[in-house]
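*Asks:* What follows is the file model08.cif, containing mmCIF, C-alpha atoms:
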data_work
#
loop_
_atom_site.label_atom_id
_atom_site.label_comp_id
_atom_site.auth_asym_id
_atom_site.auth_seq_id
_atom_site.Cartn_x
_atom_site.Cartn_y
_atom_site.Cartn_z
CA MET A 1 124.56 110.92 142.31
CA ILE A 2 125.58 109.10 145.48
CA THR A 3 122.74 107.94 147.73
CA LYS A 4 124.27 104.86 149.43
CA THR A 5 126.81 104.77 152.26
CA ALA A 6 128.91 102.13 150.52
CA ASP A 7 129.15 104.24 147.37
CA LEU A 8 130.09 107.30 149.43
CA ALA A 9 132.80 105.35 151.25
CA ALA A 10 134.23 104.11 147.95
CA ALA A 11 134.21 107.61 146.44
CA CYS A 12 135.88 109.16 149.49
CA LYS A 13 138.55 106.45 149.40
CA ARG A 14 139.31 107.31 145.77
CA LEU A 15 139.33 111.06 146.49
CA SER A 16 141.66 110.62 149.46
CA ARG A 17 144.45 109.39 147.17
CA PHE A 18 144.98 112.87 145.78
CA GLU A 19 146.82 115.89 147.19
CA PHE A 20 143.65 117.97 147.16
CA VAL A 21 139.89 117.71 146.76
CA THR A 22 137.53 120.56 145.90
CA VAL A 23 134.39 120.77 148.02
CA ASP A 24 131.12 122.70 148.03
CA THR A 25 127.74 122.29 149.70
CA GLU A 26 124.18 123.31 148.96
CA PHE A 27 121.97 123.95 151.95
CA MET A 28 118.76 125.63 153.10
CA ARG A 29 118.51 127.97 156.07
CA GLU A 30 115.47 130.16 155.59
CA THR A 31 113.33 128.41 158.22
CA THR A 32 115.97 126.93 160.55
CA TYR A 33 118.71 128.09 162.90
CA TRP A 34 121.10 125.35 161.83
CA PRO A 35 121.78 124.99 158.09
CA LYS A 36 120.01 122.00 156.50
CA LEU A 37 122.59 120.20 154.37
CA CYS A 38 121.07 119.06 151.08
CA VAL A 39 123.88 118.33 148.64
CA ILE A 40 127.64 117.81 148.82
CA GLN A 41 129.86 118.17 145.75
CA MET A 42 133.46 116.98 145.60
CA ALA A 43 136.06 116.65 142.88
CA SER A 44 139.58 115.33 142.52
CA PRO A 45 141.75 115.80 139.41
CA ASP A 46 140.17 112.55 138.11
CA GLU A 47 136.47 112.72 138.93
CA ALA A 48 133.58 114.70 140.38
CA VAL A 49 130.71 113.40 142.50
CA ILE A 50 127.43 114.66 143.92
CA VAL A 51 126.22 113.34 147.26
CA ASP A 52 122.52 113.45 148.11
CA ALA A 53 122.86 114.39 151.78
CA LEU A 54 119.09 113.90 152.25
CA ALA A 55 119.06 110.31 150.97
CA PRO A 56 117.37 107.94 153.47
CA ASP A 57 119.80 105.97 155.65
CA LEU A 58 122.86 107.65 154.11
CA ASP A 59 125.68 107.81 156.69
CA LEU A 60 127.98 110.79 156.06
CA ALA A 61 130.79 109.35 158.21
CA PRO A 62 133.05 108.63 155.17
CA PHE A 63 132.70 112.27 154.10
CA PHE A 64 133.61 113.52 157.57
CA ARG A 65 136.65 111.22 157.65
CA LEU A 66 137.82 112.71 154.36
CA MET A 67 137.30 116.24 155.74
CA GLY A 68 139.54 115.33 158.69
CA ASN A 69 142.24 113.67 156.57
CA GLU A 70 145.39 115.73 157.17
CA LYS A 71 147.02 114.44 153.98
CA VAL A 72 144.36 116.00 151.71
CA VAL A 73 143.90 119.74 151.22
CA LYS A 74 140.22 120.66 151.15
CA VAL A 75 139.64 123.47 148.64
CA PHE A 76 136.58 125.69 149.10
CA HIS A 77 135.43 129.07 147.82
CA ALA A 78 134.11 131.27 150.65
CA ALA A 79 134.58 128.35 153.04
CA ARG A 80 133.09 129.66 156.26
CA GLN A 81 129.51 128.42 155.86
CA ASP A 82 130.65 125.08 154.44
CA ILE A 83 133.00 124.58 157.37
CA GLU A 84 130.26 125.60 159.80
CA ILE A 85 128.05 122.83 158.40
CA VAL A 86 130.78 120.18 158.72
CA HIS A 87 131.55 121.38 162.23
CA HIS A 88 127.90 121.21 163.31
CA LEU A 89 127.06 117.84 161.73
CA GLY A 90 130.40 116.04 162.01
CA ASP A 91 131.82 117.67 165.14
CA LEU A 92 135.08 118.43 163.34
CA ILE A 93 136.67 121.20 161.31
CA PRO A 94 138.16 120.33 157.89
CA HIS A 95 141.95 120.65 157.86
CA PRO A 96 144.07 121.57 156.00
CA VAL A 97 141.94 124.04 154.05
CA PHE A 98 142.49 126.39 151.11
CA ASP A 99 139.89 129.13 150.54
CA THR A 100 140.07 130.50 147.01
CA GLN A 101 138.15 133.65 147.99
CA VAL A 102 140.82 134.58 150.53
CA ALA A 103 143.60 133.61 148.13
CA ALA A 104 142.01 135.77 145.43
CA MET A 105 141.99 138.80 147.76
CA VAL A 106 145.67 138.23 148.57
CA CYS A 107 146.37 138.02 144.82
CA GLY A 108 144.67 141.35 144.10
CA PHE A 109 141.24 140.30 142.81
CA GLY A 110 139.43 142.75 145.08
CA ASP A 111 137.27 142.37 148.17
CA SER A 112 135.13 139.21 148.37
CA VAL A 113 135.29 138.35 144.66
CA SER A 114 132.42 136.05 143.65
CA TYR A 115 133.10 132.52 142.46
CA ASP A 116 131.70 133.00 138.95
CA GLN A 117 133.77 136.19 138.49
CA LEU A 118 136.90 134.40 139.60
CA VAL A 119 136.25 131.43 137.31
CA GLN A 120 135.76 133.75 134.35
CA LYS A 121 138.90 135.78 135.08
CA LEU A 122 141.15 132.78 135.63
CA THR A 123 139.75 130.21 133.19
CA GLY A 124 137.56 132.15 130.76
CA ALA A 125 134.60 129.87 131.50
CA ARG A 126 131.12 131.19 132.32
CA ILE A 127 128.93 129.57 134.95
CA ASP A 128 125.15 129.34 134.64
CA LYS A 129 123.98 130.90 137.91
CA SER A 130 120.25 130.29 137.36
CA SER A 131 120.16 127.32 139.77
CA ARG A 132 121.96 129.05 142.64
CA PHE A 133 118.85 129.88 144.66
CA THR A 134 116.68 126.92 143.74
CA ASP A 135 115.14 124.56 146.30
CA TRP A 136 117.97 122.14 147.01
CA ALA A 137 115.80 120.11 149.39
CA ARG A 138 113.33 119.08 146.67
CA ARG A 139 113.83 115.69 145.04
CA PRO A 140 114.64 114.67 142.42
CA LEU A 141 117.24 117.29 141.59
CA THR A 142 116.92 118.63 138.07
CA GLU A 143 119.61 118.07 135.48
CA ARG A 144 120.34 121.79 135.53
CA GLN A 145 120.82 121.71 139.31
CA GLN A 146 123.22 118.79 139.00
CA ASP A 147 125.19 120.53 136.25
CA TYR A 148 125.44 123.67 138.39
CA ALA A 149 126.53 121.66 141.44
CA LEU A 150 129.26 119.87 139.51
CA ALA A 151 130.49 123.10 137.89
CA ASP A 152 131.07 124.52 141.35
CA VAL A 153 133.77 121.95 142.08
CA THR A 154 135.16 121.13 138.63
CA HIS A 155 136.07 124.74 137.77
CA LEU A 156 137.40 125.10 141.32
CA ARG A 157 140.22 122.71 140.45
CA ASP A 158 141.58 125.10 137.81
CA VAL A 159 141.02 128.12 140.07
CA TYR A 160 142.98 126.43 142.86
CA HIS A 161 145.95 125.65 140.61
CA ALA A 162 146.00 129.18 139.16
CA LEU A 163 145.86 130.88 142.55
CA ALA A 164 148.39 128.53 144.15
CA ASP A 165 150.83 129.32 141.32
CA ARG A 166 150.29 133.06 141.73
CA LEU A 167 150.79 132.90 145.48
CA ALA A 168 154.03 130.95 145.04
CA ALA A 169 155.29 133.41 142.41
CA LYS A 170 154.55 136.37 144.70
CA GLY A 171 155.93 134.68 147.81
CA ARG A 172 152.55 134.89 149.53
CA THR A 173 151.68 131.25 150.12
CA GLU A 174 152.39 131.63 153.83
CA TRP A 175 150.05 134.66 154.01
CA VAL A 176 147.10 132.52 152.98
CA ARG A 177 148.20 129.74 155.29
CA GLU A 178 147.99 132.19 158.22
CA GLU A 179 144.44 133.10 157.19
CA MET A 180 143.47 129.45 157.02
CA GLU A 181 144.50 128.98 160.64
CA VAL A 182 141.87 131.54 161.63
CA LEU A 183 139.30 129.93 159.33
CA THR A 184 139.89 126.50 160.85
CA SER A 185 139.97 127.61 164.48
CA PRO A 186 137.13 126.17 166.62
CA ASP A 187 136.70 129.64 168.15
CA THR A 188 135.51 130.90 164.76
CA TYR A 189 132.47 128.61 164.87
CA ARG A 190 131.47 128.81 168.52
CA MET A 191 127.94 130.17 168.85
CA GLU A 192 127.93 130.97 172.53
CA PRO A 193 124.63 132.53 173.63
CA GLU A 194 126.56 134.85 175.95
CA ALA A 195 128.20 136.47 172.92
CA ALA A 196 125.00 136.78 170.86
CA TRP A 197 124.61 140.48 171.75
CA LYS A 198 127.67 141.27 169.63
CA ARG A 199 125.61 140.52 166.51
CA LEU A 200 123.22 143.34 167.35
CA LYS A 201 123.63 147.03 166.59
CA MET A 202 124.43 149.21 169.56
CA ARG A 203 121.11 151.01 169.92
CA VAL A 204 121.52 151.31 173.69
CA ARG A 205 122.94 154.32 175.52
CA LYS A 206 123.13 153.25 179.15
CA PRO A 207 124.96 150.41 180.93
CA ILE A 208 121.69 149.02 182.31
CA GLU A 209 120.29 148.88 178.78
CA LEU A 210 123.38 146.97 177.62
CA ALA A 211 122.98 144.54 180.52
CA ALA A 212 119.38 143.89 179.47
CA LEU A 213 120.41 143.57 175.82
CA LYS A 214 122.97 140.89 176.73
CA GLU A 215 120.47 138.88 178.76
CA LEU A 216 117.78 139.10 176.08
CA ALA A 217 120.16 138.18 173.22
CA ALA A 218 121.49 135.19 175.17
CA TRP A 219 117.97 133.93 175.89
CA ARG A 220 116.93 134.31 172.24
CA GLU A 221 120.05 132.48 171.02
CA GLN A 222 119.41 129.54 173.36
CA GLU A 223 115.76 129.43 172.31
CA ALA A 224 116.57 129.57 168.59
CA GLN A 225 119.15 126.80 168.91
CA ALA A 226 116.83 124.57 170.95
CA ARG A 227 113.89 125.04 168.58
CA ASP A 228 116.07 125.14 165.44
CA VAL A 229 114.39 128.27 164.12
CA PRO A 230 115.85 131.60 162.91
CA ARG A 231 116.48 134.16 165.65
CA ASN A 232 113.80 136.52 164.37
CA ARG A 233 111.23 133.72 164.61
CA VAL A 234 111.76 133.80 168.38
CA ILE A 235 111.67 137.59 168.72
CA LYS A 236 112.73 140.34 166.32
CA ASP A 237 115.76 142.57 166.82
CA ASP A 238 113.62 145.70 167.14
CA ALA A 239 111.73 144.13 170.04
CA ILE A 240 114.99 143.31 171.82
CA TYR A 241 116.14 146.92 171.46
CA GLU A 242 112.87 148.31 172.81
CA ILE A 243 112.72 145.86 175.74
CA ALA A 244 116.32 146.65 176.66
CA GLN A 245 115.55 150.37 176.67
CA GLN A 246 112.21 150.20 178.50
CA GLN A 247 112.97 147.27 180.85
CA PRO A 248 109.37 146.17 181.51
CA THR A 249 108.90 144.13 184.69
CA THR A 250 105.26 143.03 184.30
CA PRO A 251 103.30 141.33 181.50
CA ALA A 252 101.13 144.44 181.19
CA ALA A 253 104.15 146.70 180.70
CA LEU A 254 105.60 144.28 178.15
CA GLY A 255 102.32 144.22 176.24
CA GLN A 256 102.34 148.01 175.96
CA LEU A 257 105.52 148.06 173.89
CA ARG A 258 105.12 148.96 170.23
CA THR A 259 107.20 146.04 168.92
CA ILE A 260 105.40 143.34 170.93
CA PRO A 261 102.57 141.47 169.10
CA LYS A 262 99.14 141.53 170.71
CA GLY A 263 98.74 138.77 173.29
CA PHE A 264 102.46 137.94 173.32
CA GLU A 265 102.72 139.12 176.95
CA ARG A 266 100.74 136.03 178.05
CA SER A 267 103.09 133.54 176.39
CA ARG A 268 105.83 131.35 177.85
CA ALA A 269 108.36 133.41 175.93
CA ALA A 270 107.12 136.56 177.66
CA GLU A 271 107.86 134.98 181.04
CA ALA A 272 111.42 134.24 179.94
CA ILE A 273 111.85 137.78 178.63
CA LEU A 274 110.68 139.32 181.90
CA ALA A 275 113.03 136.99 183.78
CA ALA A 276 115.92 138.18 181.58
CA VAL A 277 115.03 141.81 182.34
CA ASP A 278 114.88 141.03 186.07
CA GLN A 279 118.30 139.41 185.83
CA ALA A 280 119.75 142.57 184.28
CA LEU A 281 118.08 144.85 186.84
CA ALA A 282 119.59 142.77 189.64
CA VAL A 283 123.16 143.53 188.53
CA PRO A 284 124.84 145.94 190.98
CA LYS A 285 125.54 149.35 189.47
CA GLU A 286 129.30 148.93 189.81
CA ASP A 287 129.14 145.60 187.91
CA LEU A 288 127.14 146.85 184.94
CA PRO A 289 128.87 146.36 181.56
CA ARG A 290 130.62 149.30 179.95
CA LEU A 291 129.28 150.59 176.68
CA PRO A 292 131.60 149.79 173.76
CA ARG A 293 133.39 152.79 172.34
CA THR A 294 131.58 154.09 169.29
CA ARG A 295 133.28 155.31 166.16
CA SER A 296 132.34 158.89 166.99
CA SER A 297 134.19 158.73 170.30
CA THR A 298 137.72 157.92 169.15
CA ASN A 299 139.28 160.79 171.13
CA GLY A 300 139.37 163.12 168.18
CA SER A 301 141.28 160.68 166.00
CA GLY A 302 138.88 160.91 163.07
CA ALA A 303 141.40 162.77 160.90
CA ALA A 304 144.08 160.20 161.74
CA VAL A 305 141.74 157.41 160.69
CA ASP A 306 141.08 159.20 157.41
CA LEU A 307 144.82 159.41 156.77
CA LEU A 308 145.21 155.72 157.55
CA LYS A 309 142.43 154.94 155.08
CA VAL A 310 144.40 156.70 152.34
CA LEU A 311 147.54 154.80 153.30
CA LEU A 312 145.58 151.54 153.27
CA LYS A 313 144.18 152.21 149.80
CA MET A 314 147.63 153.12 148.50
CA THR A 315 149.13 149.97 150.03
CA SER A 316 146.36 147.83 148.55
CA GLU A 317 146.90 149.23 145.06
CA ASN A 318 150.70 149.12 145.18
CA HIS A 319 150.90 145.52 146.38
CA GLY A 320 147.84 144.09 144.65
CA VAL A 321 146.16 142.94 147.87
CA ALA A 322 142.52 143.66 148.70
CA ALA A 323 142.28 146.38 151.36
CA LYS A 324 139.70 144.33 153.26
CA VAL A 325 142.18 141.53 153.91
CA ILE A 326 144.91 143.92 155.10
CA ALA A 327 142.91 145.93 157.64
CA THR A 328 139.35 146.81 158.61
CA VAL A 329 137.98 150.20 159.64
CA ASP A 330 137.93 148.92 163.23
CA ASP A 331 141.64 148.09 162.87
CA LEU A 332 142.40 151.61 161.67
CA GLU A 333 140.49 153.18 164.55
CA ALA A 334 142.30 150.98 167.04
CA ILE A 335 145.71 151.88 165.56
CA ALA A 336 144.83 155.58 165.61
CA ALA A 337 144.00 155.32 169.30
CA ASP A 338 146.77 152.97 170.44
CA ASP A 339 150.23 152.09 169.08
CA GLU A 340 149.94 148.68 170.72
CA ALA A 341 146.49 147.92 169.34
CA GLU A 342 145.82 144.18 169.39
CA VAL A 343 144.49 143.88 165.83
CA ALA A 344 145.40 141.67 162.89
CA ALA A 345 146.87 144.60 160.95
CA MET A 346 149.64 144.86 163.56
CA HIS A 347 150.82 141.25 163.22
CA GLY A 348 152.65 139.10 160.69
CA TRP A 349 152.70 139.99 157.04
CA ARG A 350 150.08 142.69 157.54
CA ARG A 351 152.39 144.60 159.87
CA GLU A 352 155.23 144.37 157.36
CA LEU A 353 152.97 145.51 154.56
CA PHE A 354 150.94 148.18 156.37
CA GLY A 355 151.15 148.28 160.19
CA ASP A 356 154.64 149.69 160.54
CA ALA A 357 153.93 152.35 157.91
CA ALA A 358 150.69 153.23 159.71
CA LEU A 359 152.61 153.97 162.91
CA LYS A 360 155.17 156.06 161.02
CA LEU A 361 152.39 158.08 159.43
CA LYS A 362 150.63 158.49 162.76
CA HIS A 363 153.77 159.86 164.45
CA GLY A 364 154.89 162.09 161.61
CA ASP A 365 157.90 160.00 160.59
CA MET A 366 156.29 159.61 157.19
CA ALA A 367 153.86 161.71 155.19
CA LEU A 368 151.59 161.24 152.19
CA ALA A 369 151.89 163.34 149.07
CA VAL A 370 150.46 163.37 145.56
CA ARG A 371 152.79 163.08 142.60
CA GLN A 372 151.53 162.70 139.04
CA ASN A 373 148.02 162.00 140.37
CA GLN A 374 149.28 159.15 142.57
CA VAL A 375 149.57 159.03 146.34
CA ILE A 376 153.13 158.41 147.52
CA THR A 377 154.89 158.29 150.88
CA VAL A 378 157.51 160.82 151.95
CA LYS A 379 159.93 159.56 154.59
CA ASN A 380 161.21 161.49 157.60
CA ALA A 381 158.48 164.07 157.23
CA ARG A 382 158.65 165.13 160.89
CA ARG A 383 162.40 165.67 160.81
CA LYS A 384 162.10 167.83 157.72
CA ALA A 385 159.33 169.84 159.34
CA GLN A 386 161.44 170.33 162.49
CA GLY A 387 164.39 171.48 160.38
CA GLN A 388 162.27 174.14 158.73
CA THR A 389 161.05 175.66 162.04
#
Kindly present the structure from the file in structure tokens form.
*Replies:*
Amino acid sequence: MITKTADLAAACKRLSRFEFVTVDTEFMRETTYWPKLCVIQMASPDEAVIVDALAPDLDLAPFFRLMGNEKVVKVFHAARQDIEIVHHLGDLIPHPVFDTQVAAMVCGFGDSVSYDQLVQKLTGARIDKSSRFTDWARRPLTERQQDYALADVTHLRDVYHALADRLAAKGRTEWVREEMEVLTSPDTYRMEPEAAWKRLKMRVRKPIELAALKELAAWREQEAQARDVPRNRVIKDDAIYEIAQQQPTTPAALGQLRTIPKGFERSRAAEAILAAVDQALAVPKEDLPRLPRTRSSTNGSGAAVDLLKVLLKMTSENHGVAAKVIATVDDLEAIAADDEAEVAAMHGWRRELFGDAALKLKHGDMALAVRQNQVITVKNARRKAQGQT
């Protein structure tokens, strides 16, 4: 257990001598906006260490330098939250990175396979999950917690080797490398208040309601970040929806809303909310935001999307790649509506694997059929149909 800066620096120096290091973090986020880093685990082929990130006077600078070392691959499982923590605390994004969850999907282990399932399938080992949701901020850590923390990075070494070998054998190493570029892009971790509305469900039906929703979501995001509290501690989603729909302009009108707690209309937050509503109401009609297209308004392309779903499932099964990593439902809807859809499924290896076939199916140059209880493709379907008419 590392609690001193000098010991952390020495450990990171040793770890940096290897081609890769496995990394995991334990954090708490129930009562804060920003994750509270509690424990860092790292392992090289030679050793494994636990870092007490809450130790008094511990400087994590050596850890951040290791995360930024371009000569060392940082191996995570489900890396996004770990990278978010490093980005927030160290103002950098680890690079290069290898995410075993993404690699597992590319290797055919299904959508979002859990770490313990992957360890069992690839190594035969079983992980004791009983410490997963314990209080990682409490000190001292129990022996069971420490064993769990170390297991997270020691088994990850074997998982990394197994998946890297499979990717190389299948010629898919570059596929995962493309995914890692997205995972390590600064844009992935920007929490701009102006984009906070995108996290909310579209329970608004008019442009003015969307304008209010955007203003309210941006205010709440700024407030949550400044106070370091969860968004719903500032104001709940349901209240944002109701305010956006009703657009109250006075404290009394705000206080009449069903989702607003008694007395809230006299608070400082209420003043900010009313100001956000006023800001939305001041937008000229011609400048109001357009409502995003809903899935029910895809210009009658629902049947086309259903066909693309079948093609996607067939492609996933035939090539041993999780459907989720090939294309999303939003991708399919976009392709059904537009041949030039700017979605991931129409670029790179995804286009070769699925996108081109999706366009052929859409335009009748290919069809789907069932043979011996399996879905297959039939080429030149449109030409055959034209020849029969």
*Asks:* Do you know which residues the PyMOL selection byres ((chain A and resi 343) around 12) returns on this file, as a ChimeraX atom specification?
*Replies:* /A:326-342,344-348,350-351,355
*Asks:* Counting all atoms listed in the file, I want the residues whose atoms come within 12 Å of (129.3, 135.3, 141.7) in the file frame, returned as a PyMOL selection string.
*Replies:* chain A and resi 77-78+101+112-121+126-130+132+152
*Asks:* Can you work out the spacing between atom CA of A:Ala226 and atom CA of A:Gly90 in Å, to one decimal?
*Replies:* 18.4 Å
*Asks:* Need the shell around A:Glu265: protein/DNA/RNA residues with any atom at most 10 Å away, counting only C-alpha atoms. Skip same-chain ones fewer than 5 positions apart. Format as a ChimeraX atom specification?
*Replies:* /A:250-257,260,270-271,273-274
*Asks:* Go through A:Pro140, A:Pro186, A:Pro193, A:Gly320 and flag the residue nearest A:Val39, using only C-alpha atoms for the distances.
*Replies:*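 Ranked by minimum distance to A:Val39, first place goes to A:Pro140.
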*Asks:* Atom CA of A:Ser185 and atom CA of A:Leu200, how far apart in Å?
*Replies:*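 Result for atom CA of A:Leu200 versus atom CA of A:Ser185: 23.2 Å, one decimal.
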*Asks:* Which is closer to A:Asp91 than all the others in A:Phe264, A:Val51, A:Arg65, A:Gly108, using all atoms listed in the file?
*Replies:*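 Result for the nearest residue to A:Asp91: A:Arg65.
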*Asks:* Which residues fall under the PyMOL selection byres ((chain A and resi 13) around 12) in this file, as a ChimeraX atom specification?
*Replies:* /A:6-12,14-18,21,44,62-67,69,72
*Asks:* Could you write out as a list of chain:residue names the residues that the PyMOL selection byres ((chain A and resi 157) around 8) matches in the shown file?
*Replies:*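 So the PyMOL selection byres ((chain A and resi 157) around 8), applied here, picks out A:Thr22, A:Ala43, A:Ser44, A:Pro45, A:Val153, A:Thr154, A:His155, A:Leu156, A:Asp158, A:Val159, A:Tyr160, A:His161.
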*Asks:* Place N, CA, C and O atoms on stretch 315-327 of chain A and deliver the coordinates as a PDB file, in the frame of the given file.
*Replies:*
ATOM      1  N   THR A 315     148.449 151.245 149.823  1.00  0.00           N
ATOM      2  CA  THR A 315     149.130 149.970 150.030  1.00  0.00           C
ATOM      3  C   THR A 315     148.455 148.855 149.245  1.00  0.00           C
ATOM      4  O   THR A 315     149.117 148.011 148.620  1.00  0.00           O
ATOM      5  N   SER A 316     147.124 148.844 149.279  1.00  0.00           N
ATOM      6  CA  SER A 316     146.360 147.830 148.550  1.00  0.00           C
ATOM      7  C   SER A 316     146.658 147.879 147.058  1.00  0.00           C
ATOM      8  O   SER A 316     146.902 146.850 146.421  1.00  0.00           O
ATOM      9  N   GLU A 317     146.671 149.083 146.507  1.00  0.00           N
ATOM     10  CA  GLU A 317     146.900 149.230 145.060  1.00  0.00           C
ATOM     11  C   GLU A 317     148.338 148.902 144.688  1.00  0.00           C
ATOM     12  O   GLU A 317     148.596 148.245 143.676  1.00  0.00           O
ATOM     13  N   ASN A 318     149.284 149.336 145.510  1.00  0.00           N
ATOM     14  CA  ASN A 318     150.700 149.120 145.180  1.00  0.00           C
ATOM     15  C   ASN A 318     151.098 147.652 145.247  1.00  0.00           C
ATOM     16  O   ASN A 318     151.954 147.194 144.486  1.00  0.00           O
ATOM     17  N   HIS A 319     150.499 146.915 146.175  1.00  0.00           N
ATOM     18  CA  HIS A 319     150.900 145.520 146.380  1.00  0.00           C
ATOM     19  C   HIS A 319     149.910 144.521 145.788  1.00  0.00           C
ATOM     20  O   HIS A 319     150.152 143.307 145.857  1.00  0.00           O
ATOM     21  N   GLY A 320     148.800 144.998 145.248  1.00  0.00           N
ATOM     22  CA  GLY A 320     147.840 144.090 144.650  1.00  0.00           C
ATOM     23  C   GLY A 320     147.202 143.161 145.651  1.00  0.00           C
ATOM     24  O   GLY A 320     147.037 141.961 145.404  1.00  0.00           O
ATOM     25  N   VAL A 321     146.839 143.704 146.828  1.00  0.00           N
ATOM     26  CA  VAL A 321     146.160 142.940 147.870  1.00  0.00           C
ATOM     27  C   VAL A 321     144.896 143.692 148.253  1.00  0.00           C
ATOM     28  O   VAL A 321     144.940 144.911 148.453  1.00  0.00           O
ATOM     29  N   ALA A 322     143.768 143.003 148.344  1.00  0.00           N
ATOM     30  CA  ALA A 322     142.520 143.660 148.700  1.00  0.00           C
ATOM     31  C   ALA A 322     142.650 144.359 150.045  1.00  0.00           C
ATOM     32  O   ALA A 322     143.162 143.781 151.010  1.00  0.00           O
ATOM     33  N   ALA A 323     142.185 145.607 150.121  1.00  0.00           N
ATOM     34  CA  ALA A 323     142.280 146.380 151.360  1.00  0.00           C
ATOM     35  C   ALA A 323     141.596 145.663 152.513  1.00  0.00           C
ATOM     36  O   ALA A 323     142.074 145.673 153.655  1.00  0.00           O
ATOM     37  N   LYS A 324     140.486 145.000 152.224  1.00  0.00           N
ATOM     38  CA  LYS A 324     139.700 144.330 153.260  1.00  0.00           C
ATOM     39  C   LYS A 324     140.508 143.260 153.989  1.00  0.00           C
ATOM     40  O   LYS A 324     140.315 143.038 155.186  1.00  0.00           O
ATOM     41  N   VAL A 325     141.418 142.605 153.288  1.00  0.00           N
ATOM     42  CA  VAL A 325     142.180 141.530 153.910  1.00  0.00           C
ATOM     43  C   VAL A 325     143.403 142.058 154.665  1.00  0.00           C
ATOM     44  O   VAL A 325     143.978 141.370 155.501  1.00  0.00           O
ATOM     45  N   ILE A 326     143.783 143.307 154.389  1.00  0.00           N
ATOM     46  CA  ILE A 326     144.910 143.920 155.100  1.00  0.00           C
ATOM     47  C   ILE A 326     144.448 144.484 156.441  1.00  0.00           C
ATOM     48  O   ILE A 326     145.048 144.234 157.486  1.00  0.00           O
ATOM     49  N   ALA A 327     143.385 145.284 156.417  1.00  0.00           N
ATOM     50  CA  ALA A 327     142.910 145.930 157.640  1.00  0.00           C
ATOM     51  C   ALA A 327     141.458 146.339 157.482  1.00  0.00           C
ATOM     52  O   ALA A 327     141.009 146.653 156.373  1.00  0.00           O
TER      53      ALA A 327
END
